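Reading through the C-alpha coordinates given below for one structure.
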Amino acid sequence: MPVSVQRLVWPLMLATYLRSDWRALASIKLKHYVVRKGKHGYWLPTAKMRAMGFQIVSCGQDGPDAWAIAREWEERYQRARKGLEKAPARVYPTGSVGDGFERFRRSNEWKSKPPRTREDWDRGWKYIDPVFGDVDPKTVTFEMLDRWYGRLKTTKGDGEAGRALKIWRALYNVLAGMKLCTPEADPSQIIRKTGVPGRTETWQEGEVVRLVKAAWRAGYRGLACVIAVAWDTALPRSTSAPLPPRRPSPAAPTWRLPATGPRRANPR
(Lines give C-alpha, C1' and ligand atoms only; values in the text may rest on other atoms or scores of the structure.)
Protein backbone atom coordinates (compact mmCIF):
# COMPACT_ATOMS: atom_id res chain seq x y z
CA MET A 1 0.00 0.00 0.00
CA PRO A 2 1.47 3.40 -0.95
CA VAL A 3 2.51 5.65 1.95
CA SER A 4 0.02 8.36 0.96
CA VAL A 5 -2.84 5.86 1.08
CA GLN A 6 -1.69 4.51 4.43
CA ARG A 7 -1.83 7.99 5.94
CA LEU A 8 -5.48 8.23 4.94
CA VAL A 9 -6.59 4.68 5.76
CA TRP A 10 -4.90 3.99 9.10
CA PRO A 11 -6.61 6.84 11.04
CA LEU A 12 -9.99 5.64 9.76
CA MET A 13 -9.22 2.06 10.72
CA LEU A 14 -8.03 3.10 14.17
CA ALA A 15 -11.12 5.25 14.81
CA THR A 16 -13.39 2.37 13.81
CA TYR A 17 -11.38 0.00 16.00
CA LEU A 18 -11.71 2.27 19.02
CA ARG A 19 -15.43 2.78 18.55
CA SER A 20 -16.08 -0.94 18.20
CA ASP A 21 -14.38 -2.05 21.42
CA TRP A 22 -11.80 -0.23 23.54
CA ARG A 23 -10.85 -3.53 25.20
CA ALA A 24 -9.32 -4.77 21.95
CA LEU A 25 -7.02 -1.76 21.75
CA ALA A 26 -4.42 -3.22 24.11
CA SER A 27 -3.94 -5.54 27.00
CA ILE A 28 -3.98 -3.12 29.95
CA LYS A 29 -1.86 -4.38 32.82
CA LEU A 30 -1.87 -2.22 35.93
CA LYS A 31 -0.17 -3.32 39.10
CA HIS A 32 -2.61 -4.22 41.90
CA TYR A 33 -5.59 -3.68 39.58
CA VAL A 34 -8.12 -6.50 39.20
CA VAL A 35 -11.51 -6.87 37.52
CA ARG A 36 -14.26 -8.73 39.34
CA LYS A 37 -17.35 -10.25 37.75
CA GLY A 38 -15.93 -9.24 34.42
CA LYS A 39 -16.94 -5.59 34.66
CA HIS A 40 -15.93 -3.81 37.90
CA GLY A 41 -12.34 -2.74 38.58
CA TYR A 42 -10.61 -2.54 41.96
CA TRP A 43 -7.20 -1.42 43.14
CA LEU A 44 -6.20 -4.07 45.71
CA PRO A 45 -3.28 -3.23 48.01
CA THR A 46 -1.21 -5.98 49.60
CA ALA A 47 -1.01 -6.58 53.36
CA LYS A 48 2.17 -4.49 53.50
CA MET A 49 0.45 -1.66 51.66
CA ARG A 50 -2.58 -1.85 53.95
CA ALA A 51 -0.25 -1.56 56.94
CA MET A 52 0.88 1.78 55.48
CA GLY A 53 -2.73 3.01 55.40
CA PHE A 54 -3.78 2.09 51.86
CA GLN A 55 -7.13 0.34 51.42
CA ILE A 56 -9.17 -1.23 48.63
CA VAL A 57 -10.32 1.37 46.11
CA SER A 58 -13.39 0.77 43.96
CA CYS A 59 -12.50 2.18 40.54
CA GLY A 60 -15.88 1.72 38.86
CA GLN A 61 -16.76 0.13 35.54
CA ASP A 62 -13.70 -1.45 33.94
CA GLY A 63 -12.37 0.93 31.32
CA PRO A 64 -10.18 3.99 30.84
CA ASP A 65 -11.74 5.89 33.78
CA ALA A 66 -11.18 2.97 36.15
CA TRP A 67 -7.62 2.55 34.88
CA ALA A 68 -6.90 6.21 35.56
CA ILE A 69 -8.10 5.87 39.17
CA ALA A 70 -6.02 2.71 39.70
CA ARG A 71 -2.97 4.36 38.14
CA GLU A 72 -3.37 7.41 40.41
CA TRP A 73 -3.46 5.21 43.54
CA GLU A 74 -0.53 3.15 42.36
CA GLU A 75 1.48 6.33 41.85
CA ARG A 76 0.48 7.56 45.33
CA TYR A 77 1.68 4.29 46.84
CA GLN A 78 4.98 4.47 44.99
CA ARG A 79 5.55 8.05 46.20
CA ALA A 80 4.69 7.03 49.79
CA ARG A 81 6.99 3.99 49.55
CA LYS A 82 9.88 6.26 48.52
CA GLY A 83 9.13 8.76 51.27
CA LEU A 84 8.06 11.50 48.84
CA GLU A 85 4.50 11.64 50.19
CA LYS A 86 2.73 10.64 53.39
CA ALA A 87 0.60 7.52 53.23
CA PRO A 88 -3.11 8.30 53.62
CA ALA A 89 -4.54 7.88 57.10
CA ARG A 90 -7.89 7.13 55.51
CA VAL A 91 -9.18 6.25 52.04
CA TYR A 92 -12.36 8.00 50.93
CA PRO A 93 -14.77 6.79 48.23
CA THR A 94 -13.95 8.15 44.80
CA GLY A 95 -15.81 11.40 44.14
CA SER A 96 -16.67 11.99 47.81
CA VAL A 97 -16.09 15.18 49.80
CA GLY A 98 -13.07 13.63 51.52
CA ASP A 99 -11.64 12.37 48.23
CA GLY A 100 -11.90 15.87 46.76
CA PHE A 101 -10.23 17.41 49.81
CA GLU A 102 -7.38 14.88 49.66
CA ARG A 103 -6.85 15.73 46.00
CA PHE A 104 -6.81 19.42 46.86
CA ARG A 105 -4.26 18.87 49.64
CA ARG A 106 -1.88 17.30 47.11
CA SER A 107 -2.12 20.28 44.76
CA ASN A 108 0.29 23.19 44.35
CA GLU A 109 -2.60 25.53 45.16
CA TRP A 110 -2.83 24.04 48.65
CA LYS A 111 0.93 24.13 49.15
CA SER A 112 1.01 27.82 48.20
CA LYS A 113 -1.42 28.75 50.99
CA PRO A 114 0.14 30.35 54.10
CA PRO A 115 0.60 27.92 57.03
CA ARG A 116 -2.01 29.70 59.16
CA THR A 117 -4.55 29.39 56.34
CA ARG A 118 -3.90 25.66 56.03
CA GLU A 119 -4.29 25.34 59.81
CA ASP A 120 -7.65 27.11 59.54
CA TRP A 121 -8.79 24.65 56.85
CA ASP A 122 -7.68 21.66 58.94
CA ARG A 123 -9.43 23.05 61.99
CA GLY A 124 -12.70 23.34 60.07
CA TRP A 125 -12.21 19.98 58.30
CA LYS A 126 -12.18 18.06 61.60
CA TYR A 127 -15.87 18.97 61.97
CA ILE A 128 -16.73 18.32 58.32
CA ASP A 129 -15.00 14.95 57.99
CA PRO A 130 -17.05 12.82 60.45
CA VAL A 131 -20.34 13.84 58.84
CA PHE A 132 -19.59 14.49 55.16
CA GLY A 133 -16.19 12.90 54.48
CA ASP A 134 -17.59 9.77 52.77
CA VAL A 135 -20.57 11.55 51.18
CA ASP A 136 -21.01 12.50 47.53
CA PRO A 137 -21.14 16.35 47.61
CA LYS A 138 -24.01 16.35 45.08
CA THR A 139 -26.20 14.55 47.65
CA VAL A 140 -25.62 17.01 50.52
CA THR A 141 -28.87 18.88 51.23
CA PHE A 142 -29.80 22.02 53.11
CA GLU A 143 -31.43 19.94 55.87
CA MET A 144 -28.23 17.95 56.42
CA LEU A 145 -26.12 21.09 56.68
CA ASP A 146 -28.67 22.84 58.87
CA ARG A 147 -28.67 19.98 61.41
CA TRP A 148 -24.86 19.80 61.32
CA TYR A 149 -24.39 23.54 61.86
CA GLY A 150 -27.02 23.65 64.61
CA ARG A 151 -25.37 20.78 66.47
CA LEU A 152 -21.96 22.48 66.23
CA LYS A 153 -23.37 25.71 67.62
CA THR A 154 -24.75 23.81 70.60
CA THR A 155 -21.67 21.72 71.32
CA LYS A 156 -18.76 23.92 70.16
CA GLY A 157 -20.11 27.45 70.22
CA ASP A 158 -20.76 30.08 67.57
CA GLY A 159 -17.07 30.65 66.81
CA GLU A 160 -16.12 27.08 65.94
CA ALA A 161 -19.44 26.46 64.16
CA GLY A 162 -18.90 29.58 62.04
CA ARG A 163 -15.37 28.51 61.18
CA ALA A 164 -16.56 25.06 60.08
CA LEU A 165 -19.29 26.58 57.91
CA LYS A 166 -16.80 29.00 56.34
CA ILE A 167 -14.44 26.13 55.44
CA TRP A 168 -17.34 24.08 54.03
CA ARG A 169 -18.29 26.94 51.70
CA ALA A 170 -14.69 27.36 50.53
CA LEU A 171 -14.33 23.60 50.05
CA TYR A 172 -17.57 23.42 48.08
CA ASN A 173 -16.13 25.87 45.55
CA VAL A 174 -13.03 23.68 45.24
CA LEU A 175 -15.16 20.55 44.71
CA ALA A 176 -17.22 22.40 42.10
CA GLY A 177 -14.00 23.27 40.27
CA MET A 178 -13.20 19.54 40.24
CA LYS A 179 -16.67 18.92 38.74
CA LEU A 180 -17.72 16.88 41.78
CA CYS A 181 -20.76 19.10 42.41
CA THR A 182 -22.76 21.87 40.75
CA PRO A 183 -21.11 25.32 40.82
CA GLU A 184 -22.94 28.10 42.70
CA ALA A 185 -25.43 25.60 44.15
CA ASP A 186 -24.08 25.27 47.69
CA PRO A 187 -27.13 24.66 49.94
CA SER A 188 -25.27 26.14 52.93
CA GLN A 189 -25.71 29.63 51.45
CA ILE A 190 -29.24 29.60 52.87
CA ILE A 191 -27.85 29.35 56.40
CA ARG A 192 -27.13 32.63 58.15
CA LYS A 193 -23.93 32.35 60.15
CA THR A 194 -24.17 33.58 63.73
CA GLY A 195 -21.43 36.06 64.55
CA VAL A 196 -19.37 35.95 67.72
CA PRO A 197 -20.14 38.89 70.06
CA GLY A 198 -17.28 41.35 70.40
CA ARG A 199 -15.40 41.76 73.66
CA THR A 200 -16.77 44.46 75.94
CA GLU A 201 -14.72 44.07 79.12
CA THR A 202 -12.21 46.78 80.08
CA TRP A 203 -9.35 46.60 82.57
CA GLN A 204 -7.78 49.31 84.69
CA GLU A 205 -4.12 49.39 85.72
CA GLY A 206 -4.92 48.86 89.37
CA GLU A 207 -6.89 45.69 88.62
CA VAL A 208 -4.03 44.27 86.58
CA VAL A 209 -1.49 45.05 89.30
CA ARG A 210 -3.63 43.21 91.88
CA LEU A 211 -3.97 40.20 89.55
CA VAL A 212 -0.19 40.06 89.02
CA LYS A 213 0.52 40.25 92.77
CA ALA A 214 -2.12 37.64 93.60
CA ALA A 215 -0.72 35.21 91.03
CA TRP A 216 2.85 35.78 92.24
CA ARG A 217 1.98 35.25 95.91
CA ALA A 218 0.01 32.11 95.08
CA GLY A 219 3.06 30.61 93.40
CA TYR A 220 1.88 31.04 89.79
CA ARG A 221 4.82 33.21 88.81
CA GLY A 222 4.70 32.27 85.14
CA LEU A 223 1.07 33.42 85.02
CA ALA A 224 2.05 36.65 86.76
CA CYS A 225 4.68 37.29 84.10
CA VAL A 226 2.24 36.62 81.28
CA ILE A 227 -0.33 39.05 82.73
CA ALA A 228 2.30 41.77 83.21
CA VAL A 229 3.78 41.32 79.72
CA ALA A 230 0.34 41.26 78.11
CA TRP A 231 -0.60 44.51 79.81
CA ASP A 232 2.66 46.38 79.23
CA THR A 233 2.93 45.38 75.53
CA ALA A 234 -0.81 45.46 74.69
CA LEU A 235 -0.69 41.84 73.52
CA PRO A 236 -4.14 40.47 72.63
CA ARG A 237 -5.50 37.61 74.73
CA SER A 238 -5.27 35.21 71.77
CA THR A 239 -1.51 35.82 71.59
CA SER A 240 -0.64 35.71 75.27
CA ALA A 241 -2.96 32.97 76.55
CA PRO A 242 -1.31 29.92 74.90
CA LEU A 243 2.30 30.86 75.75
CA PRO A 244 3.88 27.84 77.52
CA PRO A 245 6.93 28.15 79.78
CA ARG A 246 10.15 26.67 78.47
CA ARG A 247 12.48 24.45 80.40
CA PRO A 248 15.40 26.17 82.12
CA SER A 249 18.43 26.61 79.90
CA PRO A 250 21.62 24.96 81.25
CA ALA A 251 23.56 28.12 80.41
CA ALA A 252 21.02 30.40 82.11
CA PRO A 253 18.83 28.51 84.62
CA THR A 254 15.86 30.86 84.48
CA TRP A 255 12.41 30.49 82.99
CA ARG A 256 12.01 32.21 79.62
CA LEU A 257 8.95 32.97 77.50
CA PRO A 258 8.90 32.54 73.69
CA ALA A 259 9.41 35.65 71.58
CA THR A 260 6.15 37.40 70.77
CA GLY A 261 7.22 39.81 68.03
CA PRO A 262 7.96 43.54 68.16
CA ARG A 263 6.86 45.49 71.21
CA ARG A 264 3.99 47.89 70.84
CA ALA A 265 3.35 51.20 72.51
CA ASN A 266 2.20 51.21 76.13
CA PRO A 267 -1.62 51.61 76.16
CA ARG A 268 -1.67 53.71 79.28
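Letters A, B, ... mark the chains of the C-alpha coordinates in the order given; residue numbers begin at 1 per chain; ligand numbers begin at 1, in order shown.
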- Message: Set the distance at 9 Å and use only C-alpha atoms: which residues neighbour range 29-43 of chain A once local chain neighbours fewer than 3 positions away are removed? I'd like the list as a PyMOL selection string.
- Response: chain A and resi 46+55-63+66-67+69-71+73-74
- Message: To one decimal place in Å, what is the distance between CA of Val97 in chain A and CA of Ile167 in chain A?
- Response: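 So the answer is 12.4 Å.
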Long-range neighbours of range 193-196 of chain A as a PDB file with C-alpha atoms, in the first residue's frame, 7 Å cut-off, only C-alpha atoms, 3 positions minimum in chain:
```pdb
ATOM      1  CA  ASP A 158     -20.761  30.079  67.569  1.00  0.00           C
ATOM      2  CA  GLY A 159     -17.074  30.654  66.813  1.00  0.00           C
ATOM      3  CA  GLY A 162     -18.898  29.578  62.040  1.00  0.00           C
TER       4      GLY A 162
END
```
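Across the model, the gap from CA of Asn108 in chain A to CA of Met178 in chain A is 14.6 Å.
When only C-alpha atoms are used to compute distances to Ile227 in chain A, the closest of the residues A:Val131, A:Ala164, A:Met49, A:Val212 turns out to be A:Val212.
Considering only C-alpha atoms, the residue among A:Lys82, A:Glu160, A:Asp232, A:Ala87 positioned nearest to Arg50 in chain A is A:Ala87.
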